[in-house]
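Enquirer: I am sharing final-v1.tsv, which consists of TSV, C-alpha atoms and all ligand atoms:
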chain	number	residue	atom	x	y	z
B	1	MET	CA	-13.29	57.26	14.44
B	2	LYS	CA	-15.00	56.61	11.13
B	3	GLY	CA	-18.66	55.68	11.03
B	4	ILE	CA	-18.06	52.48	9.05
B	5	ILE	CA	-16.32	51.07	12.15
B	6	PHE	CA	-19.47	51.79	14.21
B	7	THR	CA	-22.09	50.73	11.65
B	8	GLU	CA	-20.34	47.41	11.02
B	9	PHE	CA	-19.88	46.86	14.74
B	10	LEU	CA	-23.57	47.38	15.51
B	11	GLU	CA	-24.53	45.19	12.55
B	12	LEU	CA	-22.42	42.37	13.98
B	13	VAL	CA	-23.87	42.86	17.48
B	14	GLU	CA	-27.36	42.60	16.00
B	15	GLU	CA	-26.45	39.50	14.01
B	16	LYS	CA	-24.83	37.68	16.95
B	17	PHE	CA	-26.82	38.95	19.96
B	18	GLY	CA	-30.00	40.52	18.56
B	19	LEU	CA	-31.42	44.01	18.27
B	20	GLU	CA	-32.20	44.12	22.01
B	21	MET	CA	-28.48	43.96	22.74
B	22	VAL	CA	-27.83	46.83	20.30
B	23	ASP	CA	-30.43	48.95	22.14
B	24	LYS	CA	-29.07	47.89	25.51
B	25	ILE	CA	-25.44	48.86	24.90
B	26	ILE	CA	-26.52	52.16	23.29
B	27	ASN	CA	-28.70	52.96	26.32
B	28	GLN	CA	-25.95	51.99	28.77
B	29	SER	CA	-23.47	54.36	27.07
B	30	SER	CA	-23.44	58.15	27.04
B	31	LEU	CA	-23.10	58.97	23.37
B	32	ASP	CA	-23.00	62.40	21.71
B	33	SER	CA	-24.20	60.62	18.57
B	34	ASP	CA	-27.18	59.06	20.43
B	35	GLY	CA	-26.07	55.83	18.80
B	36	ILE	CA	-26.96	57.06	15.32
B	37	TYR	CA	-24.07	56.48	12.91
B	38	THR	CA	-23.56	56.84	9.16
B	39	SER	CA	-20.65	55.09	7.48
B	40	VAL	CA	-19.04	58.33	6.27
B	41	GLY	CA	-19.51	60.28	9.53
B	42	THR	CA	-16.83	60.66	12.21
B	43	TYR	CA	-17.48	59.98	15.88
B	44	GLU	CA	-15.62	59.97	19.16
B	45	PHE	CA	-13.50	56.87	19.73
B	46	SER	CA	-14.72	56.90	23.36
B	47	GLU	CA	-18.15	55.89	22.01
B	48	MET	CA	-16.67	52.68	20.58
B	49	LEU	CA	-14.92	51.96	23.87
B	50	GLN	CA	-18.16	52.34	25.77
B	51	LEU	CA	-20.17	50.20	23.35
B	52	ILE	CA	-17.64	47.37	23.34
B	53	SER	CA	-17.06	47.37	27.08
B	54	HIS	CA	-20.81	47.23	27.72
B	55	LEU	CA	-21.12	44.40	25.22
B	56	SER	CA	-18.33	42.60	27.07
B	57	ALA	CA	-20.01	43.11	30.46
B	58	ASN	CA	-23.41	41.96	29.15
B	59	THR	CA	-22.10	38.88	27.34
B	60	ASP	CA	-19.23	37.88	29.65
B	61	ILE	CA	-16.90	37.79	26.63
B	62	ALA	CA	-13.52	39.56	27.00
B	63	VAL	CA	-13.06	42.74	24.95
B	64	ASP	CA	-10.02	41.15	23.25
B	65	ASP	CA	-12.10	38.18	22.13
B	66	LEU	CA	-14.85	40.49	20.87
B	67	LEU	CA	-12.26	42.45	18.87
B	68	MET	CA	-11.01	39.27	17.21
B	69	VAL	CA	-14.56	38.33	16.19
B	70	TYR	CA	-15.21	41.87	15.07
B	71	ALA	CA	-12.05	41.87	12.92
B	72	GLU	CA	-13.45	38.97	10.88
B	73	HIS	CA	-16.65	40.89	10.13
B	74	LEU	CA	-14.91	44.24	9.60
B	75	PHE	CA	-12.32	42.89	7.17
B	76	LYS	CA	-15.04	41.52	4.90
B	77	ALA	CA	-16.90	44.84	5.08
B	78	LEU	CA	-13.77	46.89	4.33
B	79	ILE	CA	-12.81	44.89	1.27
B	80	LYS	CA	-16.40	44.90	0.06
B	81	ALA	CA	-16.53	48.69	0.42
B	82	HIS	CA	-13.11	49.17	-1.20
B	83	PRO	CA	-12.37	46.17	-3.46
B	84	ASN	CA	-10.00	48.18	-5.64
B	85	LEU	CA	-7.59	48.59	-2.72
B	86	VAL	CA	-6.93	44.87	-2.39
B	87	GLU	CA	-7.77	43.20	-5.69
B	88	HIS	CA	-4.32	43.45	-7.28
B	89	TYR	CA	-2.58	41.71	-4.35
B	90	LYS	CA	-1.70	38.08	-4.99
B	91	ASP	CA	-0.07	37.38	-1.69
B	92	PRO	CA	-1.10	38.15	1.92
B	93	MET	CA	2.44	39.09	2.99
B	94	ASN	CA	2.57	41.74	0.25
B	95	LEU	CA	-0.81	43.05	1.25
B	96	LEU	CA	0.17	43.36	4.91
B	97	ALA	CA	3.51	44.95	4.05
B	98	SER	CA	1.57	47.55	2.02
B	99	ILE	CA	-0.94	48.71	4.62
B	100	GLU	CA	1.28	51.57	5.67
B	101	ASN	CA	2.44	52.83	2.27
B	102	HIS	CA	-0.55	51.94	0.11
B	103	ILE	CA	-3.81	50.73	1.66
B	104	HIS	CA	-4.13	53.12	4.57
B	105	VAL	CA	-2.69	55.93	2.41
B	106	GLU	CA	-5.62	55.49	0.03
B	107	VAL	CA	-8.00	55.15	2.98
B	108	GLN	CA	-6.78	58.54	4.24
B	109	LYS	CA	-7.63	60.07	0.84
B	110	ILE	CA	-11.11	58.57	0.89
B	111	TYR	CA	-11.73	59.60	4.52
B	112	PRO	CA	-9.50	62.64	5.17
B	113	ASP	CA	-10.41	62.69	8.86
B	114	ALA	CA	-9.56	59.01	9.46
B	115	GLN	CA	-7.07	58.45	12.29
B	116	LEU	CA	-5.13	55.44	11.19
B	117	PRO	CA	-2.54	53.40	13.03
B	118	THR	CA	1.00	53.09	11.69
B	119	PHE	CA	2.66	49.76	10.88
B	120	GLU	CA	6.42	50.01	10.60
B	121	LEU	CA	8.02	47.08	8.82
B	122	GLU	CA	11.13	45.99	10.74
B	123	GLU	CA	11.94	42.70	9.00
B	124	ARG	CA	10.73	40.91	5.95
B	125	THR	CA	11.58	37.56	4.35
B	126	ASP	CA	9.44	35.26	2.16
B	127	THR	CA	8.00	33.56	5.22
B	128	LYS	CA	8.36	36.03	8.06
B	129	MET	CA	7.51	39.62	8.85
B	130	VAL	CA	8.02	41.80	11.91
B	131	MET	CA	5.90	44.96	12.13
B	132	VAL	CA	5.43	47.55	14.84
B	133	TYR	CA	1.89	48.84	15.37
B	134	LYS	CA	1.47	52.32	16.83
B	135	SER	CA	-1.82	53.98	17.66
B	136	ASP	CA	-3.29	55.86	20.61
B	137	LYS	CA	-6.34	53.65	20.18
B	138	ALA	CA	-4.47	50.50	21.27
B	139	LEU	CA	-6.62	48.35	18.98
B	140	TYR	CA	-3.83	45.83	18.43
B	141	MET	CA	-6.19	42.87	18.89
B	142	LEU	CA	-8.24	44.26	16.02
B	143	GLY	CA	-4.99	44.48	14.08
B	144	LYS	CA	-4.14	40.87	14.90
B	145	GLY	CA	-7.57	39.78	13.74
B	146	LEU	CA	-7.30	41.77	10.50
B	147	MET	CA	-3.91	40.18	9.80
B	148	LEU	CA	-5.34	36.68	10.27
B	149	GLU	CA	-8.25	37.56	7.97
B	150	THR	CA	-5.80	38.72	5.32
B	151	PHE	CA	-4.19	35.26	5.34
B	152	LYS	CA	-7.61	33.58	5.24
B	153	LEU	CA	-8.55	35.62	2.16
B	154	PHE	CA	-5.66	34.00	0.28
B	155	ASN	CA	-6.11	30.55	1.88
B	156	VAL	CA	-2.63	30.71	3.36
B	157	SER	CA	-1.93	29.49	6.90
B	158	ALA	CA	0.09	31.69	9.19
B	159	SER	CA	0.61	32.53	12.82
B	160	VAL	CA	0.46	36.01	14.27
B	161	GLU	CA	2.15	36.60	17.64
B	162	PHE	CA	2.83	39.90	19.34
B	163	GLU	CA	4.65	41.57	22.20
B	164	LYS	CA	3.35	44.74	23.80
B	165	LEU	CA	6.04	47.40	23.88
B	166	ASN	CA	4.19	49.36	26.54
B	167	GLU	CA	1.53	48.63	29.14
B	168	ALA	CA	-1.22	50.53	27.32
B	169	GLY	CA	-0.68	48.59	24.08
B	170	THR	CA	-0.29	51.72	22.00
B	171	GLU	CA	2.96	50.20	20.65
B	172	VAL	CA	2.98	46.52	19.80
B	173	ARG	CA	5.46	44.41	17.83
B	174	PHE	CA	3.89	41.74	15.60
B	175	PHE	CA	5.62	38.54	14.46
B	176	ILE	CA	3.94	37.10	11.40
B	177	ASN	CA	5.05	33.65	10.24
B	178	LYS	CA	3.79	31.79	7.21
B	179	ALA	CA	3.23	28.14	8.10
P	201	LIG	C1	-8.99	47.07	2.27
P	201	LIG	C2	-8.32	47.01	3.38
P	201	LIG	C3	-8.45	48.05	4.48
P	201	LIG	C4	-9.19	49.19	4.53
P	201	LIG	C5	-10.11	49.77	3.48
P	201	LIG	C6	-8.96	49.78	5.85
P	201	LIG	C7	-9.57	50.92	6.33
P	201	LIG	C8	-9.57	51.34	7.63
P	201	LIG	C9	-10.43	52.39	8.18
P	201	LIG	C10	-11.50	53.17	7.41
P	201	LIG	C11	-10.14	52.49	9.50
P	201	LIG	C12	-10.80	53.44	10.51
P	201	LIG	C13	-10.02	54.69	10.74
P	201	LIG	C14	-10.78	55.68	11.61
P	201	LIG	O1	-11.73	55.30	12.25
P	201	LIG	O2	-10.44	56.89	11.65
P	201	LIG	C15	-9.09	51.52	9.77
P	201	LIG	C16	-8.54	51.32	11.00
P	201	LIG	C17	-7.65	50.32	11.30
P	201	LIG	N1	-6.99	49.50	10.40
P	201	LIG	FE1	-7.35	49.38	8.42
P	201	LIG	N2	-8.06	49.02	6.54
P	201	LIG	C18	-7.75	47.94	5.75
P	201	LIG	C19	-6.89	46.91	6.05
P	201	LIG	C20	-6.27	46.74	7.26
P	201	LIG	C21	-5.45	45.61	7.61
P	201	LIG	C22	-5.15	44.41	6.71
P	201	LIG	C23	-5.02	45.81	8.87
P	201	LIG	C24	-4.17	44.87	9.66
P	201	LIG	C25	-2.97	45.04	9.97
P	201	LIG	C26	-5.58	47.09	9.34
P	201	LIG	C27	-5.42	47.64	10.58
P	201	LIG	C28	-6.20	48.64	11.12
P	201	LIG	C29	-6.35	48.92	12.54
P	201	LIG	C30	-5.65	48.18	13.68
P	201	LIG	C31	-7.27	49.98	12.65
P	201	LIG	C32	-7.83	50.58	13.94
P	201	LIG	C33	-7.39	51.99	14.21
P	201	LIG	C34	-6.19	52.06	15.13
P	201	LIG	O3	-5.71	51.02	15.63
P	201	LIG	O4	-5.70	53.19	15.33
P	201	LIG	N3	-6.31	47.63	8.31
P	201	LIG	N4	-8.75	50.85	8.62
Kindly return the structure encoded in the file as structure tokens.

Expert:
Amino acid sequence: MKGIIFTEFLELVEEKFGLEMVDKIINQSSLDSDGIYTSVGTYEFSEMLQLISHLSANTDIAVDDLLMVYAEHLFKALIKAHPNLVEHYKDPMNLLASIENHIHVEVQKIYPDAQLPTFELEERTDTKMVMVYKSDKALYMLGKGLMLETFKLFNVSASVEFEKLNEAGTEVRFFINKA
């Protein structure tokens, strides 16, 4: 998993819960990186799982809720780091429909070792979209949060619902409806 995901996560933890919490979750985890991340480095995904589950245990906030909050912070950081990838979009539905064949394609060029999810577009109208998320990481709540942030960026209201296609959540169907 790319370092930017870790550096932004720890920045948010510091902002919301303080530096002591950052130290605490790093110390509670067994990390090959020793908790030292650079945005362009690549680290084991298991490190993220440990950090977030310790944060959840220490704060009594469900991992899913933490992922939704994290998505808000991460989206802003991603578009700040890569403004050229999103600036020509005028509509959130177009942006979301283009993750698979444009945005994440470019991301893969920038970070060749990135392991990105896939989003297969099943249906698309002016107001509705159905997309299937697939990733071994099962970060579909992060995906849901990033979708909602995309709508916020354009000041458009929308709802994002999903159904898990398997227990693990490595395949999830999203139903996106513009209000
Ligand atoms: C400018 C926009 C975006 C950029 C630059 C970007 C970039 C990235 C990067 C660098 C990663 C980490 C990959 C790794 O660690 O190997 C990632 C993961 C991810 N991205 Fe994007 N992304 C963008 C927009 C979005 C949007 C709008 C969605 C929402 C559907 C999305 C969904 C995800 C998910 C769910 C992951 C987690 C990895 C997984 O589930 O396998 N991304 N993205």

Enquirer: Residues at most 7 Å from ligand LIG 201 (chain P), using all atoms listed in the file? Could they come as JSON, numbers by chain?

Expert: {"B": [1, 2, 4, 5, 75, 78, 79, 82, 83, 85, 86, 96, 99, 103, 104, 107, 113, 114, 115, 116, 117, 135, 136, 137, 138, 139, 140, 142, 143, 144, 146, 147, 150]}

Enquirer: As JSON, numbers by chain, please: the residues near Glu120 of chain B (cut-off 9 Å, only C-alpha atoms, same-chain neighbours under 2 positions excluded).

Expert: {"B": [97, 100, 118, 122, 130, 131, 132, 133, 134]}

Enquirer: I'd like the interatomic distance between atom CA of Ser29 of chain B and atom CA of Gln50 of chain B, to a tenth of an Å.

Expert: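 Taking atom CA of Ser29 of chain B and atom CA of Gln50 of chain B, their separation equals 5.8 Å.
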
Enquirer: For Lys24 of chain B, which residue among B:Leu67, B:Ala179, B:Leu165, B:Leu55 is the nearest when counting only C-alpha atoms?

Expert: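 Going through B:Leu67, B:Ala179, B:Leu165, B:Leu55 one by one, the smallest distance to Lys24 of chain B is for B:Leu55.
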
Enquirer: So how many Å separate atom CA of Val172 of chain B and atom CA of Ile25 of chain B, to one decimal?

Expert: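 Separation between atom CA of Val172 of chain B and atom CA of Ile25 of chain B: 29.0 Å.
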
Enquirer: Distance atom CA of Ile52 of chain B-atom CA of Leu10 of chain B, one decimal place?

Expert: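 That distance, rounded to one decimal, is 9.8 Å.
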
Enquirer: Could you list as a PyMOL selection string every residue that has an atom within 9 Å of (-18.4, 55.5, 14.3), using the file's coordinates and counting all atoms listed in the file?

Expert: chain B and resi 1-9+33+35-45+47-48

Enquirer: Using only C-alpha atoms for the distances, tell me which of B:Ser46, B:Ser30, B:Asn94, B:Gln108 is nearest to Thr125 of chain B.

Expert: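 Of the candidates, the smallest distance to Thr125 of chain B is held by B:Asn94.
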
Enquirer: Which is closest to Asn101 of chain B among B:Asn84, B:Ala71, B:Phe119, B:Leu19, if we use only C-alpha atoms?

Expert: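 The answer is B:Phe119, which sits nearest to Asn101 of chain B.
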